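Printed here is entry-v4.csv (CSV, C-alpha atoms and all ligand atoms):
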```
chain,number,residue,atom,x,y,z
W,1,MET,CA,0.0,0.0,0.0
W,2,THR,CA,1.3,3.5,-0.7
W,3,SER,CA,2.3,5.5,2.4
W,4,GLN,CA,-0.8,7.6,1.7
W,5,LYS,CA,-2.8,8.0,4.9
W,6,VAL,CA,-6.3,6.5,5.1
W,7,ARG,CA,-8.8,9.2,5.9
W,8,THR,CA,-11.2,8.1,8.6
W,9,PHE,CA,-14.5,9.9,9.6
W,10,VAL,CA,-16.7,8.7,12.5
W,11,LEU,CA,-20.2,10.3,12.6
W,12,GLU,CA,-22.8,10.1,15.4
W,13,THR,CA,-25.8,9.3,13.3
W,14,GLU,CA,-26.8,7.7,10.0
W,15,GLU,CA,-28.0,11.1,8.8
W,16,GLN,CA,-24.6,12.7,9.5
W,17,LEU,CA,-22.9,9.8,7.8
W,18,ALA,CA,-25.1,10.3,4.7
W,19,GLN,CA,-24.3,14.1,4.7
W,20,LYS,CA,-20.6,13.4,5.0
W,21,LEU,CA,-20.8,10.9,2.2
W,22,GLY,CA,-22.6,13.6,0.2
W,23,LEU,CA,-19.8,16.0,0.7
W,24,GLU,CA,-17.3,13.4,-0.4
W,25,LEU,CA,-19.4,12.8,-3.5
W,26,VAL,CA,-19.2,16.5,-4.3
W,27,ARG,CA,-15.4,16.4,-3.9
W,28,CYS,CA,-15.0,13.3,-6.1
W,29,GLU,CA,-17.5,14.5,-8.7
W,30,LYS,CA,-15.7,17.9,-9.1
W,31,GLN,CA,-12.4,16.1,-9.8
W,32,ALA,CA,-14.0,14.2,-12.6
W,33,LEU,CA,-16.2,16.9,-14.2
W,34,THR,CA,-13.3,19.4,-14.3
W,35,LYS,CA,-11.7,16.9,-16.7
W,36,GLY,CA,-14.7,17.5,-19.0
W,37,ARG,CA,-16.1,14.1,-18.9
W,38,SER,CA,-18.7,12.0,-16.9
W,39,PHE,CA,-18.3,10.9,-13.3
W,40,ARG,CA,-17.7,7.2,-13.3
W,41,ILE,CA,-18.6,5.5,-10.0
W,42,GLY,CA,-18.7,1.8,-8.9
W,43,LEU,CA,-21.4,0.8,-6.5
W,44,SER,CA,-21.7,-2.0,-4.0
W,45,GLY,CA,-25.0,-3.5,-2.8
W,46,GLY,CA,-26.4,-4.1,0.7
W,47,SER,CA,-26.8,-1.2,3.1
W,48,LEU,CA,-25.1,1.2,0.6
W,49,VAL,CA,-28.2,1.3,-1.5
W,50,GLN,CA,-30.2,3.3,1.0
W,51,LEU,CA,-27.2,5.2,2.3
W,52,LEU,CA,-26.3,6.5,-1.1
W,53,THR,CA,-29.9,7.4,-1.8
W,54,LYS,CA,-29.9,9.5,1.4
W,55,ALA,CA,-26.5,11.0,0.6
W,56,ILE,CA,-27.6,12.2,-2.9
W,57,THR,CA,-31.0,13.5,-1.8
W,58,SER,CA,-29.3,15.5,1.0
W,59,THR,CA,-26.7,17.0,-1.4
W,60,PRO,CA,-28.6,19.1,-4.0
W,61,GLN,CA,-25.4,20.5,-5.5
W,62,LEU,CA,-24.5,17.2,-7.1
W,63,ASP,CA,-24.8,17.0,-10.9
W,64,THR,CA,-26.0,13.4,-11.0
W,65,ALA,CA,-27.0,13.7,-14.7
W,66,ARG,CA,-23.4,13.4,-15.5
W,67,TRP,CA,-22.8,10.2,-13.5
W,68,VAL,CA,-22.3,6.8,-15.0
W,69,PHE,CA,-23.0,4.0,-12.5
W,70,PHE,CA,-21.3,0.6,-12.6
W,71,PHE,CA,-21.5,-2.3,-10.1
W,72,CYS,CA,-18.4,-3.4,-8.2
W,73,ASP,CA,-20.2,-6.7,-8.0
W,74,GLU,CA,-23.5,-8.0,-9.0
W,75,ARG,CA,-25.5,-11.1,-8.2
W,76,TYR,CA,-26.0,-13.6,-11.0
W,77,VAL,CA,-29.8,-13.3,-11.1
W,78,PRO,CA,-32.2,-11.6,-13.5
W,79,ASN,CA,-32.1,-7.8,-13.3
W,80,ASP,CA,-35.7,-7.8,-11.9
W,81,HIS,CA,-34.9,-10.3,-9.2
W,82,SER,CA,-35.1,-9.1,-5.6
W,83,ASP,CA,-31.5,-10.3,-5.0
W,84,SER,CA,-30.2,-8.1,-7.9
W,85,THR,CA,-28.2,-5.1,-6.8
W,86,PHE,CA,-29.3,-3.2,-9.9
W,87,PHE,CA,-32.9,-4.0,-8.9
W,88,ALA,CA,-32.2,-2.7,-5.4
W,89,TYR,CA,-31.0,0.6,-6.8
W,90,LYS,CA,-33.9,0.7,-9.3
W,91,THR,CA,-36.5,0.3,-6.6
W,92,HIS,CA,-34.9,2.6,-4.1
W,93,LEU,CA,-32.6,5.2,-5.7
W,94,LEU,CA,-34.3,5.6,-9.0
W,95,THR,CA,-37.8,5.9,-7.5
W,96,GLN,CA,-36.6,8.5,-5.0
W,97,ILE,CA,-34.3,10.5,-7.4
W,98,PRO,CA,-36.2,10.6,-10.8
W,99,THR,CA,-33.6,12.9,-12.3
W,100,ILE,CA,-31.3,9.9,-12.4
W,101,LEU,CA,-32.1,7.7,-15.4
W,102,GLU,CA,-31.9,3.9,-15.7
W,103,LYS,CA,-29.7,4.3,-18.8
W,104,GLN,CA,-27.0,5.8,-16.5
W,105,PHE,CA,-26.6,2.4,-14.9
W,106,ILE,CA,-24.3,-0.1,-16.8
W,107,LYS,CA,-26.0,-3.3,-16.0
W,108,ALA,CA,-24.6,-6.8,-16.1
W,109,ASP,CA,-26.2,-9.1,-18.7
W,110,THR,CA,-27.1,-12.0,-16.5
W,111,THR,CA,-28.9,-13.7,-19.3
W,112,LYS,CA,-25.5,-14.8,-20.5
W,113,PRO,CA,-23.7,-17.8,-19.0
W,114,LEU,CA,-21.8,-16.7,-15.8
W,115,ASP,CA,-18.3,-16.7,-17.3
W,116,GLU,CA,-19.5,-14.8,-20.4
W,117,CYS,CA,-21.5,-12.4,-18.2
W,118,ALA,CA,-18.3,-11.5,-16.3
W,119,ALA,CA,-16.2,-11.1,-19.5
W,120,ASP,CA,-19.0,-9.1,-21.1
W,121,TYR,CA,-19.2,-6.7,-18.1
W,122,GLU,CA,-15.5,-6.2,-18.4
W,123,SER,CA,-15.8,-5.2,-22.0
W,124,ARG,CA,-18.7,-2.9,-21.2
W,125,LEU,CA,-16.5,-1.3,-18.6
W,126,ARG,CA,-13.5,-1.0,-20.9
W,127,ALA,CA,-15.7,0.6,-23.5
W,128,GLU,CA,-16.7,3.4,-21.1
W,129,PHE,CA,-13.1,4.1,-20.3
W,130,SER,CA,-12.3,3.8,-24.0
W,131,ASP,CA,-8.6,3.4,-23.9
W,132,ASN,CA,-6.4,0.4,-23.4
W,133,THR,CA,-4.9,1.4,-20.1
W,134,LEU,CA,-6.2,0.0,-16.9
W,135,PRO,CA,-9.6,1.7,-16.3
W,136,GLN,CA,-9.4,4.2,-13.5
W,137,PHE,CA,-12.7,4.8,-11.7
W,138,ASP,CA,-13.3,8.2,-10.2
W,139,LEU,CA,-14.9,6.6,-7.1
W,140,LEU,CA,-15.7,3.1,-5.8
W,141,LEU,CA,-18.2,2.8,-3.0
W,142,LEU,CA,-17.5,-0.3,-1.0
W,143,GLY,CA,-19.0,-2.2,2.0
W,144,ILE,CA,-17.5,-4.8,4.2
W,145,GLY,CA,-19.2,-8.1,5.2
W,146,PRO,CA,-18.9,-9.7,8.7
W,147,ASP,CA,-16.3,-12.0,7.3
W,148,GLY,CA,-14.3,-9.1,5.8
W,149,HIS,CA,-15.4,-9.6,2.3
W,150,THR,CA,-15.8,-6.6,0.0
W,151,CYS,CA,-17.4,-6.5,-3.5
W,152,SER,CA,-17.9,-10.3,-4.0
W,153,LEU,CA,-14.3,-11.1,-3.0
W,154,PHE,CA,-14.5,-13.5,0.0
W,155,PRO,CA,-11.9,-14.9,2.4
W,156,ASP,CA,-10.6,-18.4,1.6
W,157,GLN,CA,-11.0,-17.8,-2.1
W,158,PRO,CA,-7.3,-17.4,-3.0
W,159,VAL,CA,-7.7,-17.7,-6.8
W,160,ALA,CA,-10.2,-14.8,-6.9
W,161,LEU,CA,-8.1,-12.7,-4.6
W,162,ALA,CA,-5.0,-13.4,-6.6
W,163,GLU,CA,-6.5,-12.6,-10.0
W,164,VAL,CA,-4.2,-10.1,-11.8
W,165,LYS,CA,-5.3,-10.3,-15.4
W,166,ARG,CA,-9.1,-10.1,-15.6
W,167,LEU,CA,-10.9,-7.0,-14.2
W,168,VAL,CA,-14.2,-8.8,-13.7
W,169,ILE,CA,-14.5,-12.4,-12.7
W,170,PRO,CA,-17.2,-14.9,-12.0
W,171,ILE,CA,-17.8,-16.2,-8.4
W,172,ARG,CA,-19.5,-19.5,-8.0
W,173,ASN,CA,-19.4,-20.2,-4.2
W,174,SER,CA,-20.2,-17.0,-2.5
W,175,PRO,CA,-20.9,-17.7,1.2
W,176,LYS,CA,-23.3,-14.8,1.1
W,177,PRO,CA,-26.3,-15.8,-0.9
W,178,PRO,CA,-26.8,-15.9,-3.8
W,179,PRO,CA,-23.8,-18.1,-4.5
W,180,GLU,CA,-23.2,-16.9,-8.1
W,181,ARG,CA,-21.9,-13.4,-8.8
W,182,ILE,CA,-19.5,-11.3,-10.8
W,183,THR,CA,-17.0,-9.0,-9.1
W,184,PHE,CA,-14.3,-6.5,-9.8
W,185,THR,CA,-10.8,-7.8,-9.0
W,186,PHE,CA,-8.0,-6.0,-7.1
W,187,PRO,CA,-6.1,-4.6,-10.1
W,188,LEU,CA,-9.3,-2.6,-11.0
W,189,ILE,CA,-10.3,-1.9,-7.5
W,190,ASN,CA,-6.9,-0.6,-6.4
W,191,ASN,CA,-6.5,1.6,-9.5
W,192,ALA,CA,-9.4,3.9,-8.5
W,193,THR,CA,-8.8,7.6,-7.8
W,194,ASP,CA,-11.0,7.5,-4.7
W,195,THR,CA,-12.3,4.5,-2.8
W,196,ILE,CA,-14.7,5.0,0.1
W,197,PHE,CA,-15.9,2.4,2.5
W,198,ALA,CA,-19.3,3.5,4.0
W,199,LEU,CA,-19.8,1.4,7.1
W,200,MET,CA,-22.6,1.3,9.7
W,201,GLY,CA,-23.5,-0.6,12.8
W,202,ALA,CA,-21.7,-2.0,15.9
W,203,GLY,CA,-21.8,-5.4,14.3
W,204,LYS,CA,-19.0,-4.1,11.9
W,205,ALA,CA,-16.7,-2.8,14.7
W,206,ASP,CA,-14.6,-5.9,15.1
W,207,ILE,CA,-14.1,-6.5,11.3
W,208,VAL,CA,-13.3,-2.8,10.8
W,209,LYS,CA,-10.6,-3.1,13.4
W,210,ARG,CA,-9.2,-6.3,11.9
W,211,ALA,CA,-9.3,-5.0,8.4
W,212,PHE,CA,-8.2,-1.3,8.8
W,213,VAL,CA,-6.2,-1.2,12.0
W,214,GLU,CA,-4.6,-4.6,12.2
W,215,SER,CA,-4.5,-4.9,8.4
W,216,ASP,CA,-5.3,-8.6,8.6
W,217,GLU,CA,-4.5,-9.8,5.1
W,218,GLN,CA,-6.9,-12.8,5.4
W,219,LEU,CA,-9.6,-10.2,4.9
W,220,PRO,CA,-10.3,-9.1,1.3
W,221,ALA,CA,-11.3,-5.6,2.6
W,222,ALA,CA,-7.8,-5.2,4.0
W,223,LEU,CA,-6.3,-5.8,0.5
W,224,VAL,CA,-8.1,-2.7,-0.8
W,225,ARG,CA,-4.9,-0.6,-1.1
W,226,PRO,CA,-5.2,2.1,-3.7
W,227,THR,CA,-1.9,2.2,-5.7
W,228,LYS,CA,-2.2,6.0,-6.4
W,229,GLY,CA,-5.6,6.9,-5.1
W,230,GLN,CA,-7.2,7.9,-1.8
W,231,LEU,CA,-8.8,5.5,0.6
W,232,THR,CA,-11.5,6.9,2.9
W,233,LEU,CA,-13.5,5.2,5.7
W,234,ILE,CA,-16.8,6.9,6.6
W,235,MET,CA,-18.4,5.2,9.6
W,236,ASP,CA,-21.0,5.6,12.3
W,237,ASN,CA,-20.0,5.4,16.0
W,238,GLY,CA,-20.8,1.7,16.0
W,239,ALA,CA,-18.7,0.6,13.1
W,240,GLY,CA,-15.9,3.1,13.8
W,241,HIS,CA,-15.6,2.5,17.5
W,242,ILE,CA,-11.9,1.8,17.3
W,243,PHE,CA,-11.2,5.2,15.8
W,244,LEU,CA,-13.0,7.1,18.6
W,245,PRO,CA,-10.8,8.9,21.0
W,246,ALA,CA,-10.3,6.9,24.2
W,247,LYS,CA,-12.6,8.1,27.0
W,301,LIG,O1,-23.7,-7.5,-3.2
W,301,LIG,C1,-23.2,-7.5,-2.1
W,301,LIG,O2,-23.6,-8.3,-1.3
W,301,LIG,C2,-22.3,-6.3,-1.7
W,301,LIG,O3,-21.7,-5.7,-2.7
W,301,LIG,C3,-21.4,-6.7,-0.6
W,301,LIG,O4,-20.1,-6.7,-0.9
W,301,LIG,C4,-21.7,-5.8,0.6
W,301,LIG,O5,-21.1,-4.5,0.3
W,301,LIG,C5,-21.3,-6.3,1.9
W,301,LIG,O6,-21.8,-7.6,2.0
W,301,LIG,C6,-21.7,-5.4,3.0
W,301,LIG,O7,-23.1,-5.4,3.0
W,301,LIG,P1,-23.9,-4.5,4.1
W,301,LIG,O8,-23.4,-3.1,3.9
W,301,LIG,O9,-25.4,-4.7,3.8
W,301,LIG,O10,-23.5,-5.1,5.5
```

Reformat the file's structure so that it appears as structure tokens.
Ligand SMILES: O=C(O)[C@H](O)[C@@H](O)[C@H](O)[C@H](O)COP(=O)(O)O
Amino acid sequence: MTSQKVRTFVLETEEQLAQKLGLELVRCEKQALTKGRSFRIGLSGGSLVQLLTKAITSTPQLDTARWVFFFCDERYVPNDHSDSTFFAYKTHLLTQIPTILEKQFIKADTTKPLDECAADYESRLRAEFSDNTLPQFDLLLLGIGPDGHTCSLFPDQPVALAEVKRLVIPIRNSPKPPPERITFTFPLINNATDTIFALMGAGKADIVKRAFVESDEQLPAALVRPTKGQLTLIMDNGAGHIFLPAK
């Protein structure tokens, strides 16, 4: 990992966390739009869906019409399935923020066989970045599971964690249902300009400590080490307990 410091923010309430995330979105968006192009963001699923919706609705200065949304991971289910991360954003974020259009989301084609679905998503992603170098996302929004997974990269899956060639790979044995997914790999993840973990709940406190204080390399989240970019942790008091000043 570069010597770059990890920025950590611990907020009292979910509302304050969403507002802080909104201000980080303003910062990251500005960096992209000043280059005269769209803001390219990678999304995770789970609790981030509602949190991102809150962050955007509480930050009116965002120019979300210029955003292109990708999925850092997606479940291998139909796009209208309740397990689909796209479906979660469609039913939460798109309904609450009608100025954001479905066509701004680059969906995975889960009608293809799993391996083809992953390769196809990689080519869709490369097309958006349009040059042959390693695509550099403006921002990736990540979560962490109780086992330290992030995206759909899970502990004890060394082949997936060690992937250095492909940018998107199939996952067949996710311990978090559903079992089949596609996921970004570390070469793509660690090339982002900004990476933000948005983490809530006391249930995350221990894994946050293990991943980001102890740097336990058994945990995929601990392997998120931007090569040139900035890593930021935005947490509530529960998840970020270890970062609170000692009483
Ligand atoms: O599709 C997924 O399941 C997510 O991308 C996954 O990586 C998520 O970020 C973590 O499991 C944390 O989920 P919570 O934030 O809901 O705890």

Can you pull out every residue within 10 Å of W:Val208, counting all atoms listed in the file, but drop anything in the same chain fewer than 3 positions away, and send it as an MDAnalysis selection string? chainID W and resid 144:146 148 199 202:205 211:215 221:222 233 235 239:243

With distances taken over all atoms listed in the file, which residue among W:Asp115, W:Glu128, W:Asp147, W:Asp80 lies nearest ligand LIG 301 (chain W)?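 Checking each candidate against ligand LIG 301 (chain W), we get W:Asp147 as the closest.
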
Please measure the separation of atom CA of W:Leu142 and atom CA of W:Lys112, giving the value in Å to one decimal. 25.6 Å

List the spatial neighbours of W:Tyr89 as a PyMOL selection string - criterion: any atom at most 10 Å away, all atoms listed in the file, same-chain residues fewer than 6 positions off excluded. chain W and resi 43+45-46+48-50+52-53+95-96+102+105

Between W:Thr232, W:Asn132, W:Asn190, W:Thr85, which is the closest to ligand LIG 301 (chain W) once you count all atoms listed in the file?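 The closest residue to ligand LIG 301 (chain W) is W:Thr85.
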
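Among the candidate residues W:Ser47, W:Asn173, W:Gln230, W:Asn191, the one lying nearest to ligand LIG 301 (chain W) is W:Ser47, with distances computed using all atoms listed in the file.
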
Which of W:Arg166, W:Arg37, W:Lys5, W:Lys176 sits closest to ligand LIG 301 (chain W) [using all atoms listed in the file]: W:Lys176

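One distance worth recording is that between atom CA of W:Ile41 and atom CA of W:His149, which is 19.7 Å.
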
Which one of W:Ser152, W:Pro245, W:Thr195, W:Gly238 sits closest to W:Val6 if you count only C-alpha atoms?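 Going through W:Ser152, W:Pro245, W:Thr195, W:Gly238 one by one, the smallest distance to W:Val6 is for W:Thr195.
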
Between atom CA of W:Leu101 and atom CA of W:Leu23 - distance in Å to one decimal: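 So the two atoms, atom CA of W:Leu23 and atom CA of W:Leu101, lie 21.9 Å apart.
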